[in-house]
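Here the structure comes first, spelled out in structure tokens, and everything after it is commentary.
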Amino acid sequence: MDKFILLCRALRAGESLADPATWKNRQLRLTAILTILYFLVKFIPVDLSPDDLNAIADSIALLGGLVNSYLTVATSEKVGL
């Protein structure tokens, strides 16, 4: 429960995580990995229907967007919820 409270506190304006530089680097790596996964799902031929492939690719994009948004807000003292 304490970790959840800390995660929520990091989203407030004027708060940031202890080491923003480390989190920004992780954020960039995660974004690159999710982008590669997105393109792999879209362009590698597999035996799935186009609708299934689009659902998988969209899920990857959604997950990446949510994580990226959280990390952007949590590692900045200038923006918050």
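Please note that chains go A, B, ... in the order of the structure tokens, that every chain numbers its residues from 1, and that ligands are numbered from 1 in the order shown.
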Test item, helix (DSSP H, G or I) assignment across chain A, answer as number ranges by chain: A: 2-9, 20-43, 50-74
In Å and to one decimal, CA of Leu63 in chain A is distant from CA of Glu77 in chain A by 23.6 Å
Next on the checklist: So that I can see what lies close to Gly64 in chain A, please list as number ranges by chain the residues with an atom at most 9 Å from it, counting only C-alpha atoms and leaving out residues fewer than 4 positions away in the same chain.
Outcome noted: A: 30-31, 34-35, 59-60, 68-69
Just the selected residues (N, CA and C atoms), exported as a CSV table (one decimal), in the first residue's frame, please.
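As written to disk, out25.csv reads:
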chain,number,residue,atom,x,y,z
A,30,LEU,N,12.1,2.2,-22.8
A,30,LEU,CA,10.8,1.6,-22.8
A,30,LEU,C,10.1,2.0,-24.1
A,31,THR,N,10.1,3.3,-24.4
A,31,THR,CA,9.4,3.8,-25.6
A,31,THR,C,10.1,3.1,-26.9
A,34,LEU,N,8.9,-0.6,-27.0
A,34,LEU,CA,7.5,-0.8,-27.4
A,34,LEU,C,7.3,-0.4,-28.9
A,35,THR,N,8.1,0.6,-29.4
A,35,THR,CA,8.0,0.9,-30.8
A,35,THR,C,8.5,-0.2,-31.7
A,59,SER,N,-2.8,-2.6,-28.6
A,59,SER,CA,-2.6,-2.9,-27.2
A,59,SER,C,-1.2,-2.4,-26.8
A,60,ILE,N,-0.2,-2.8,-27.6
A,60,ILE,CA,1.1,-2.3,-27.3
A,60,ILE,C,1.2,-0.8,-27.3
A,68,ASN,N,4.3,5.8,-20.7
A,68,ASN,CA,5.0,7.0,-21.1
A,68,ASN,C,4.4,8.3,-20.4
A,69,SER,N,3.1,8.3,-20.4
A,69,SER,CA,2.4,9.5,-19.7
A,69,SER,C,2.7,9.5,-18.2
inquiry  = Nearest residue to Ala61 in chain A out of A:Phe39, A:Asp19, A:Ser76, A:Asp47, using only C-alpha atoms?
reply    =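 Of A:Phe39, A:Asp19, A:Ser76, A:Asp47, the one nearest Ala61 in chain A is A:Phe39, counting only C-alpha atoms.
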Atom pair CA of Asp2 in chain A + CA of Leu71 in chain A, distance 18.6 Å
